[in-house]
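Colleague: work09.cif is the file, holding mmCIF, C-alpha atoms:
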data_entry
loop_
_atom_site.label_atom_id
_atom_site.label_comp_id
_atom_site.auth_asym_id
_atom_site.auth_seq_id
_atom_site.Cartn_x
_atom_site.Cartn_y
_atom_site.Cartn_z
CA MET A 1 205.00 30.68 70.96
CA ALA A 2 207.15 28.07 72.49
CA GLY A 3 210.33 29.20 74.09
CA HIS A 4 209.09 32.58 75.32
CA ASP A 5 208.16 32.88 78.97
CA HIS A 6 205.88 35.80 78.32
CA SER A 7 203.97 34.22 75.44
CA GLU A 8 200.35 35.06 75.09
CA LEU A 9 197.94 34.43 72.26
CA THR A 10 196.27 37.05 70.18
CA LYS A 11 192.50 37.28 70.48
CA GLY A 12 190.83 34.26 68.92
CA GLY A 13 193.73 32.03 69.78
CA ALA A 14 193.77 30.07 66.52
CA HIS A 15 197.01 31.66 65.35
CA PRO A 16 199.43 32.36 68.14
CA HIS A 17 201.57 35.48 67.86
CA HIS A 18 203.74 36.95 70.51
CA VAL A 19 202.13 39.72 72.50
CA LEU A 20 204.60 41.97 74.29
CA PRO A 21 203.36 42.10 77.90
CA GLN A 22 202.57 45.50 79.41
CA GLY A 23 205.26 45.08 82.06
CA MET A 24 207.86 44.53 79.35
CA ILE A 25 206.66 47.63 77.44
CA PHE A 26 207.12 49.72 80.62
CA LEU A 27 210.52 48.14 81.26
CA ILE A 28 211.77 48.94 77.75
CA ALA A 29 210.34 52.48 78.08
CA GLY A 30 212.36 52.87 81.29
CA GLY A 31 215.48 51.73 79.44
CA LEU A 32 214.85 54.21 76.62
CA PHE A 33 214.32 57.19 78.91
CA ALA A 34 217.31 56.17 81.05
CA GLY A 35 219.34 56.06 77.82
CA MET A 36 218.16 59.54 76.91
CA ALA A 37 219.11 60.86 80.35
CA ALA A 38 222.49 59.13 80.05
CA THR A 39 223.10 60.74 76.64
CA ILE A 40 222.45 64.26 77.95
CA GLY A 41 224.20 63.57 81.26
CA ALA A 42 227.30 62.24 79.53
CA ALA A 43 227.47 65.28 77.24
CA PHE A 44 227.58 67.74 80.15
CA MET A 45 228.72 65.91 83.28
CA ILE A 46 231.66 63.73 82.26
CA PRO A 47 234.73 65.25 83.96
CA GLU A 48 237.99 66.23 82.33
CA PRO A 49 240.17 64.91 80.78
CA LEU A 50 237.63 62.47 79.35
CA HIS A 51 235.31 65.31 78.37
CA SER A 52 237.94 66.67 76.01
CA ASN A 53 238.49 63.29 74.43
CA THR A 54 236.36 63.59 71.29
CA PHE A 55 236.70 59.93 70.34
CA PHE A 56 235.64 58.74 73.79
CA MET A 57 232.71 61.15 74.07
CA GLN A 58 231.41 60.39 70.57
CA SER A 59 231.83 56.64 71.08
CA LEU A 60 229.93 56.84 74.36
CA ALA A 61 227.06 58.84 72.80
CA LEU A 62 226.83 56.40 69.88
CA ALA A 63 227.04 53.36 72.20
CA ILE A 64 224.04 54.67 74.16
CA ALA A 65 222.19 55.41 70.90
CA ILE A 66 222.90 51.88 69.63
CA PHE A 67 221.68 50.45 72.96
CA LYS A 68 218.43 52.40 72.64
CA ALA A 69 218.07 51.39 68.99
CA CYS A 70 218.54 47.71 69.93
CA LEU A 71 215.78 47.98 72.54
CA VAL A 72 213.40 49.48 69.97
CA VAL A 73 214.26 47.06 67.15
CA TYR A 74 214.48 43.94 69.29
CA PHE A 75 211.39 44.40 71.46
CA TYR A 76 209.08 47.15 70.18
CA MET A 77 209.58 46.22 66.52
CA GLY A 78 209.30 42.56 67.49
CA VAL A 79 212.44 41.22 65.81
CA LYS A 80 213.19 39.09 68.87
CA PHE A 81 209.89 37.28 68.40
CA GLY A 82 209.82 37.39 64.59
CA THR A 83 210.31 34.51 62.18
CA ARG A 84 213.69 33.80 60.62
CA LEU A 85 212.62 35.50 57.40
CA VAL A 86 211.72 38.67 59.30
CA LYS A 87 215.07 38.54 61.10
CA ILE A 88 216.98 38.21 57.81
CA PHE A 89 215.29 41.32 56.42
CA ALA A 90 215.64 43.29 59.64
CA TYR A 91 219.28 42.46 60.30
CA GLY A 92 220.11 42.76 56.58
CA GLY A 93 219.17 46.43 56.56
CA PHE A 94 221.32 47.32 59.54
CA ILE A 95 224.27 45.19 58.39
CA TRP A 96 224.11 47.05 55.08
CA PHE A 97 224.13 50.31 57.00
CA PHE A 98 227.41 49.46 58.75
CA THR A 99 228.88 48.02 55.55
CA LEU A 100 228.26 51.38 53.90
CA PHE A 101 230.86 52.94 56.17
CA ILE A 102 233.59 50.83 54.56
CA MET A 103 233.49 53.66 52.03
CA MET A 104 235.26 55.78 54.62
CA ALA A 105 238.38 53.67 54.02
CA ASP A 106 238.64 55.32 50.63
CA TYR A 107 238.59 58.82 52.08
CA THR A 108 241.08 58.00 54.81
CA SER A 109 243.59 56.29 52.51
CA ARG A 110 243.51 58.24 49.25
CA PRO A 111 244.30 61.95 49.49
CA MET A 112 243.19 62.76 45.95
CA GLU A 113 242.22 66.38 46.40
CA PRO A 114 242.61 69.28 46.31
CA VAL A 115 243.74 69.47 42.77
CA PRO A 116 245.05 72.91 41.80
CA GLY A 117 242.20 75.31 41.30
CA TRP A 118 239.47 73.13 42.77
CA GLU A 119 238.23 75.88 45.04
CA THR A 120 237.56 78.24 42.12
CA VAL A 121 235.29 75.82 40.29
CA PRO A 122 231.63 76.13 41.25
CA SER A 123 229.99 72.91 42.46
CA SER A 124 233.33 71.20 42.74
CA ALA A 125 233.78 67.80 44.34
CA LEU A 126 234.67 67.38 47.99
CA PRO A 127 237.24 69.78 49.36
CA ARG A 128 239.51 67.06 50.66
CA ASN A 129 242.25 69.36 51.76
CA THR A 130 244.51 66.77 53.31
CA VAL A 131 247.56 67.31 51.15
CA GLU A 132 249.67 70.34 50.57
CA ASP A 133 249.12 72.22 47.35
CA PRO A 134 252.13 71.28 45.16
CA GLU A 135 252.47 74.90 44.10
CA MET B 1 186.58 39.33 46.76
CA SER B 2 187.75 36.54 44.58
CA GLY B 3 190.61 34.19 45.15
CA HIS B 4 190.14 33.46 48.83
CA ALA B 5 190.92 29.90 49.75
CA HIS B 6 189.07 29.98 53.00
CA ALA B 7 188.14 32.22 55.88
CA GLN B 8 189.48 31.91 59.41
CA GLY B 9 186.39 32.26 61.55
CA ASP B 10 186.01 35.91 62.60
CA GLY B 11 189.64 36.64 61.73
CA PRO B 12 191.20 37.70 58.45
CA GLU B 13 190.70 35.72 55.26
CA VAL B 14 193.55 33.67 53.84
CA TYR B 15 194.30 34.51 50.23
CA PHE B 16 194.87 31.71 47.74
CA GLN B 17 198.62 32.21 47.41
CA TYR B 18 199.26 31.51 51.08
CA GLU B 19 199.29 28.19 52.86
CA ASP B 20 197.86 29.56 56.07
CA ILE B 21 197.21 32.76 57.98
CA ASP B 22 200.67 32.69 59.62
CA GLN B 23 202.41 32.74 56.26
CA GLN B 24 200.13 35.52 55.05
CA GLN B 25 200.77 37.69 58.07
CA GLU B 26 204.50 36.99 57.92
CA SER B 27 204.55 38.23 54.32
CA TYR B 28 202.96 41.53 55.41
CA VAL B 29 205.59 42.05 58.09
CA VAL B 30 208.45 41.02 55.77
CA GLY B 31 207.12 43.44 53.15
CA MET B 32 207.19 46.26 55.70
CA TRP B 33 210.73 45.35 56.73
CA ALA B 34 211.80 45.34 53.07
CA PHE B 35 210.46 48.89 52.84
CA LEU B 36 212.23 49.87 56.05
CA MET B 37 215.47 48.47 54.60
CA THR B 38 215.19 50.96 51.75
CA GLU B 39 214.69 53.65 54.37
CA VAL B 40 217.86 52.49 56.15
CA MET B 41 219.72 52.80 52.84
CA PHE B 42 218.24 56.26 52.28
CA PHE B 43 219.19 57.62 55.70
CA GLY B 44 222.41 55.55 55.70
CA ALA B 45 223.81 57.58 52.81
CA LEU B 46 222.97 60.80 54.66
CA PHE B 47 224.64 59.54 57.84
CA LEU B 48 227.72 58.70 55.76
CA ILE B 49 227.78 62.24 54.35
CA TYR B 50 227.47 63.61 57.87
CA THR B 51 230.31 61.39 59.12
CA LEU B 52 232.58 62.38 56.27
CA TYR B 53 232.15 66.14 56.67
CA ARG B 54 232.15 65.97 60.45
CA TRP B 55 235.49 64.16 60.25
CA LYS B 56 236.88 66.71 57.82
CA PHE B 57 235.59 69.85 59.54
CA HIS B 58 235.14 68.77 63.14
CA ASP B 59 236.15 72.09 64.71
CA THR B 60 233.66 74.19 62.77
CA PHE B 61 230.94 71.57 63.15
CA PHE B 62 231.44 71.74 66.92
CA LEU B 63 231.28 75.54 66.93
CA ALA B 64 228.27 75.64 64.59
CA HIS B 65 226.34 73.06 66.63
CA GLU B 66 226.48 75.39 69.65
CA GLN B 67 223.81 77.51 67.95
CA LEU B 68 221.37 74.57 68.17
CA ASN B 69 219.10 74.34 71.19
CA TRP B 70 219.93 70.99 72.84
CA LYS B 71 217.05 71.42 75.29
CA MET B 72 214.50 71.54 72.48
CA GLY B 73 216.19 68.58 70.81
CA GLY B 74 216.05 66.72 74.12
CA LEU B 75 212.38 67.54 74.56
CA ASN B 76 211.72 66.23 71.06
CA THR B 77 213.62 63.05 71.93
CA ALA B 78 211.40 62.56 74.99
CA VAL B 79 208.27 63.23 72.92
CA LEU B 80 209.29 60.68 70.27
CA LEU B 81 210.29 58.04 72.82
CA PHE B 82 206.94 58.46 74.57
CA SER B 83 205.15 58.15 71.22
CA SER B 84 207.04 54.91 70.55
CA VAL B 85 205.87 53.55 73.91
CA MET B 86 202.30 54.51 72.98
CA VAL B 87 202.59 52.71 69.64
CA ALA B 88 203.89 49.60 71.42
CA PHE B 89 200.80 49.74 73.65
CA ALA B 90 198.56 50.31 70.61
CA VAL B 91 199.90 47.09 69.03
CA HIS B 92 199.50 45.30 72.36
CA PHE B 93 195.85 46.33 72.66
CA ALA B 94 195.21 45.58 68.98
CA GLN B 95 196.48 42.04 69.54
CA LYS B 96 194.21 41.75 72.59
CA GLY B 97 191.22 43.07 70.62
CA LYS B 98 190.75 46.12 72.88
CA LYS B 99 189.82 48.74 70.31
CA THR B 100 189.10 51.65 72.66
CA ALA B 101 192.48 51.37 74.39
CA GLN B 102 194.13 50.92 70.99
CA LEU B 103 192.51 54.11 69.66
CA ILE B 104 193.52 56.07 72.78
CA CYS B 105 197.15 54.98 72.35
CA LEU B 106 197.13 55.85 68.66
CA GLY B 107 195.57 59.24 69.52
CA MET B 108 198.34 59.88 72.06
CA THR B 109 200.92 58.99 69.40
CA LEU B 110 199.28 61.44 67.04
CA MET B 111 199.44 64.20 69.66
CA CYS B 112 203.14 63.46 70.21
CA ALA B 113 203.75 63.67 66.47
CA PHE B 114 202.10 67.10 66.29
CA GLY B 115 203.99 68.15 69.42
CA PHE B 116 207.25 67.16 67.75
CA LEU B 117 206.44 69.29 64.72
CA VAL B 118 205.48 72.29 66.87
CA ILE B 119 208.78 72.11 68.76
CA LYS B 120 210.65 71.70 65.47
CA SER B 121 208.89 74.72 63.99
CA PHE B 122 210.12 76.82 66.93
CA GLU B 123 213.66 75.61 66.23
CA TYR B 124 213.46 76.19 62.49
CA GLY B 125 211.78 79.57 62.94
CA ALA B 126 214.52 80.84 65.26
CA LYS B 127 217.22 79.57 62.90
CA GLY B 128 215.61 81.56 60.09
CA ASP B 129 215.60 84.73 62.20
CA HIS B 130 219.25 84.14 63.07
CA LYS B 131 220.01 83.85 59.34
CA LEU B 132 221.20 80.27 59.59
CA TYR B 133 219.22 78.85 56.68
CA PRO B 134 221.88 77.63 54.24
CA ASN B 135 220.67 79.77 51.35
CA TYR B 136 221.35 83.31 50.10
CA THR B 137 220.26 84.75 53.48
CA PHE B 138 222.94 82.82 55.37
CA GLU B 139 225.08 84.97 57.67
CA TYR B 140 227.44 83.31 60.08
CA GLY B 141 229.81 85.06 62.45
CA ALA B 142 228.20 88.46 61.93
CA HIS B 143 226.75 88.72 65.44
CA ASP B 144 228.51 88.56 68.79
CA LYS B 145 226.72 87.06 71.78
CA ASP B 146 225.57 90.44 73.10
CA HIS B 147 223.92 91.31 69.83
CA LYS B 148 220.21 90.77 70.23
CA VAL B 149 218.52 89.26 67.20
CA GLU B 150 214.78 89.82 67.24
CA SER B 151 212.99 86.53 66.89
CA TRP B 152 209.35 85.84 67.65
CA TRP B 153 210.23 82.17 68.06
CA ASP B 154 212.87 82.87 70.70
CA ASP B 155 210.73 85.36 72.57
CA ASN B 156 207.83 82.94 72.88
CA LEU B 157 209.87 80.02 74.17
CA PRO B 158 209.32 79.03 77.83
CA ALA B 159 212.18 80.34 79.99
CA PHE B 160 213.46 76.86 80.86
CA MET B 161 213.98 76.10 77.16
CA HIS B 162 216.38 78.98 76.59
CA ILE B 163 220.08 78.18 76.26
CA GLU B 164 223.07 80.41 76.76
CA LYS B 165 223.79 82.31 73.57
CA LYS B 166 227.18 81.48 72.04
CA GLU B 167 229.27 83.55 69.69
CA GLN B 168 229.45 82.30 66.12
CA HIS B 169 232.96 81.06 65.45
CA GLY B 170 234.48 78.90 62.76
CA ASP B 171 234.70 78.95 59.00
CA PRO B 172 231.36 80.27 57.64
CA LYS B 173 231.64 78.04 54.56
CA ASN B 174 231.93 74.91 56.66
CA ALA B 175 229.28 76.18 59.08
CA LYS B 176 226.94 76.52 56.10
CA LEU B 177 227.77 72.91 55.25
CA PHE B 178 226.82 71.88 58.79
CA TYR B 179 223.47 73.64 58.55
CA SER B 180 222.85 72.18 55.08
CA ILE B 181 223.26 68.68 56.46
CA TYR B 182 221.31 69.56 59.61
CA PHE B 183 218.30 70.90 57.70
CA THR B 184 218.42 68.08 55.15
CA MET B 185 218.47 65.27 57.70
CA THR B 186 216.11 66.76 60.28
CA GLY B 187 213.85 68.03 57.49
CA LEU B 188 213.60 64.60 55.89
CA HIS B 189 212.99 63.13 59.33
CA GLY B 190 210.23 65.71 59.84
CA LEU B 191 208.73 64.67 56.50
CA HIS B 192 208.64 61.10 57.79
CA VAL B 193 206.83 62.33 60.90
CA VAL B 194 204.21 63.98 58.64
CA ILE B 195 203.82 60.72 56.67
CA GLY B 196 203.48 58.91 60.01
CA ILE B 197 200.70 61.32 61.02
CA ILE B 198 198.85 60.52 57.78
CA ALA B 199 199.31 56.76 58.31
CA ILE B 200 198.16 56.82 61.95
CA THR B 201 195.19 59.07 61.17
CA SER B 202 194.14 56.78 58.30
CA LEU B 203 194.44 53.73 60.54
CA MET B 204 192.33 55.36 63.26
CA VAL B 205 189.62 56.36 60.78
CA LEU B 206 189.51 52.83 59.33
CA ILE B 207 189.20 51.37 62.82
CA ILE B 208 186.48 53.83 63.84
CA ILE B 209 184.34 53.24 60.73
CA LYS B 210 184.87 49.48 61.19
CA SER B 211 186.38 49.13 57.74
CA PRO B 212 186.62 45.58 56.36
CA LEU B 213 190.28 46.41 55.63
CA ILE B 214 191.05 46.12 59.34
CA THR B 215 190.36 42.53 60.32
CA ASP B 216 193.15 41.98 62.81
CA TYR B 217 196.14 43.63 64.51
CA VAL B 218 198.53 43.46 61.53
CA PRO B 219 197.77 46.94 60.05
CA THR B 220 198.45 48.46 63.48
CA GLU B 221 201.69 46.48 63.71
CA LEU B 222 202.80 47.71 60.27
CA VAL B 223 202.06 51.35 61.10
CA GLY B 224 203.84 50.75 64.42
CA LEU B 225 206.93 49.42 62.63
CA TYR B 226 207.07 52.59 60.55
CA TRP B 227 206.66 54.83 63.57
CA HIS B 228 209.35 53.00 65.53
CA PHE B 229 211.69 53.52 62.59
CA VAL B 230 211.00 57.26 62.69
CA ASP B 231 211.91 57.17 66.38
CA LEU B 232 215.02 55.14 65.58
CA VAL B 233 216.37 57.77 63.18
CA TRP B 234 215.90 60.51 65.75
CA ILE B 235 217.73 58.45 68.41
CA PHE B 236 220.87 58.90 66.27
CA LEU B 237 220.17 62.41 64.98
CA TYR B 238 219.94 63.89 68.47
CA PRO B 239 223.46 63.11 69.77
CA LEU B 240 225.03 63.62 66.34
CA PHE B 241 223.68 67.13 65.81
CA TYR B 242 222.85 68.58 69.23
CA LEU B 243 225.55 67.08 71.46
CA ILE B 244 228.74 67.16 69.41
CA PRO B 245 231.75 66.80 71.72
CA ARG B 246 234.60 69.29 71.47
#
Translate this file's structure into structure tokens.
Modeller:
Amino acid sequence: MAGHDHSELTKGGAHPHHVLPQGMIFLIAGGLFAGMAATIGAAFMIPEPLHSNTFFMQSLALAIAIFKACLVVYFYMGVKFGTRLVKIFAYGGFIWFFTLFIMMADYTSRPMEPVPGWETVPSSALPRNTVEDPE
Amino acid sequence: MSGHAHAQGDGPEVYFQYEDIDQQQESYVVGMWAFLMTEVMFFGALFLIYTLYRWKFHDTFFLAHEQLNWKMGGLNTAVLLFSSVMVAFAVHFAQKGKKTAQLICLGMTLMCAFGFLVIKSFEYGAKGDHKLYPNYTFEYGAHDKDHKVESWWDDNLPAFMHIEKKEQHGDPKNAKLFYSIYFTMTGLHGLHVVIGIIAITSLMVLIIIKSPLITDYVPTELVGLYWHFVDLVWIFLYPLFYLIPR
């Protein structure tokens, strides 16, 4: 397809589709395994006081995971070379995923539970024990 | 088959509802992505549950996660990443029309998938022996680190896969919650691996018997999309369950 330096045609040639070159597949594989090594390395080798910083450590692990996920989605799953319709569907799913976490705003801003006696009721709702029991 | 507007040489036929082969193939890929979107929603809700409880009970989640074997999780990550690379090569060779190389790559992916399940069974087996299944057998905090729990799964692990045994600390109720989420999410992921095995095996059989259903690379690409998604889920599960920071 036009605009891609590494374009090749599928066999037959009548209908061009992007073929991910072997070199690119190896390159992405290198990135994925480097990401995996970075995830494990970061979990055990980051020095103090950063290692005790939960927010930093979790953010770093998730940043590496998102980097690896982008490599897989963008190149291996072919979104980079897909049509606009494919991109809408692909990005739509992941945007929805992040939108879902807006729900957390509810839990962080509304300390509704525990209500008195919640812990004695089987199959109760979430034990959101963020407020003092009024009794 | 009825309803075919015209054939494209030795390639796939174009069905009457499509303008050309590009539109037809795009619809297949979009259909697969629509399915994967539902999968994102499915796992998304589980990730939200994990986030919520991890936020509420971080201390116990950290202590409970120390019973998981991060080395086995890491090995499974490597196995799945390698399988993803193999699937990418399988699609590459399918697009080039090299069937033998395509079948070899799909076979390697299949072996990785079985390898993943074997490693997972060792993990699950040991957790059962340590009474960490979140059911009526669940016992947390009953054993100190010097207490030897007999487990066939632990005893048959290679030495380099063993991790230092940690004492079980934290609220048992919240630890049970951690293991409930752990087994739900990794179990459902494992189920997806099994479905992937069925899909890849079916694809390989259809290619080998030269089925008329396989006329181009698109079926391989669709199976590949599914398998990459399985890999994608594990990319997030590994750091979130096995490498929880203090």
Colleague: Could you list, as a PDB file with C-alpha atoms, in the coordinates of the input, the residues of chain A having an atom within 6 Å of chain B when counting only C-alpha atoms?
Modeller:
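part.pdb, freshly written:
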ATOM      1  CA  THR A  10     196.270  37.050  70.180  1.00  0.00           C
ATOM      2  CA  LYS A  11     192.500  37.280  70.480  1.00  0.00           C
ATOM      3  CA  THR A  54     236.360  63.590  71.290  1.00  0.00           C
ATOM      4  CA  ALA A  65     222.190  55.410  70.900  1.00  0.00           C
ATOM      5  CA  ALA A  69     218.070  51.390  68.990  1.00  0.00           C
ATOM      6  CA  TYR A  76     209.080  47.150  70.180  1.00  0.00           C
ATOM      7  CA  MET A  77     209.580  46.220  66.520  1.00  0.00           C
ATOM      8  CA  VAL A  86     211.720  38.670  59.300  1.00  0.00           C
ATOM      9  CA  GLY A  93     219.170  46.430  56.560  1.00  0.00           C
ATOM     10  CA  PHE A  97     224.130  50.310  57.000  1.00  0.00           C
TER      11      PHE A  97
END
Colleague: Work out how far apart CA of Lys131 (chain B) and CA of Gly73 (chain B) are and give it in Å to one decimal.
Modeller: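 Interatomic distance, CA of Lys131 (chain B) to CA of Gly73 (chain B): 19.5 Å.
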Colleague: As an exercise, work out the distance from CA of Tyr140 (chain B) to CA of Phe55 (chain A) in Å and give it to one decimal place.
Modeller: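 One can read the CA of Tyr140 (chain B) to CA of Phe55 (chain A) distance as 27.2 Å.
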Colleague: Applying 12 Å and only C-alpha atoms, which residues near Thr201 (chain B) remain after dropping the ones on its own chain fewer than 2 positions away? List them as a list in words.
Modeller: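 So the residues in contact are Leu103, Leu106, Gly107, Met108, Thr109, Leu110, Met111, Ala113, Phe114, Val194, Ile195, Gly196, Ile197, Ile198, Ala199, Leu203, Met204, Val205, Leu206, Ile207, Ile208, Thr220 and Val223 of chain B.
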Colleague: Please determine, counting all atoms listed in the file, which residue among B:Ala90, B:His189, B:Asn69, B:Phe62 has the shortest atom-to-atom distance to Val218 (chain B).
Modeller: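 The closest residue to Val218 (chain B) is B:Ala90.
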Colleague: Could you state which residues are captured by the PyMOL selection byres ((chain A and resi 19-33) around 6) in this file, as a list of chain:residue names?
Modeller: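 That expression, the PyMOL selection byres ((chain A and resi 19-33) around 6), corresponds here to A:Glu8, A:His18, A:Ala34, A:Gly35, A:Met36, A:Lys68.
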Colleague: What does the distance from CA of Thr100 (chain B) to CA of Glu13 (chain B) come to in Å, to one decimal?
Modeller: 23.6 Å
Colleague: For Leu80 (chain B), which residue out of B:Ala101, B:Leu177, B:Ala126, B:Val230 is the nearest one, using all atoms listed in the file?
Modeller: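 Checking each candidate against Leu80 (chain B), we get B:Val230 as the closest.
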Colleague: Written as a list of chain:residue names, which residues does the PyMOL selection byres ((chain B and resi 120) around 10) give for the file shown?
Modeller: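 Going through the file, the PyMOL selection byres ((chain B and resi 120) around 10) ends up selecting B:Met72, B:Gly73, B:Asn76, B:Phe114, B:Gly115, B:Phe116, B:Leu117, B:Val118, B:Ile119, B:Ser121, B:Phe122, B:Glu123, B:Tyr124, B:Gly125, B:Ala126, B:Thr186, B:Gly187, B:Gly190.
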Colleague: Rank B:Lys165, B:Arg54, B:His192, B:Lys176 by their smallest atom-to-atom distance to Gln58 (chain A), using all atoms listed in the file, and report the top residue only.
Modeller: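 The shortest atom-to-atom distance to Gln58 (chain A) comes from B:Arg54.
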Colleague: Which residues fall under the PyMOL selection byres ((chain A and resi 81) around 9) in this file, as JSON, numbers by chain?
Modeller: {"A": [1, 4, 17, 18, 74, 75, 78, 79, 80, 82, 83]}
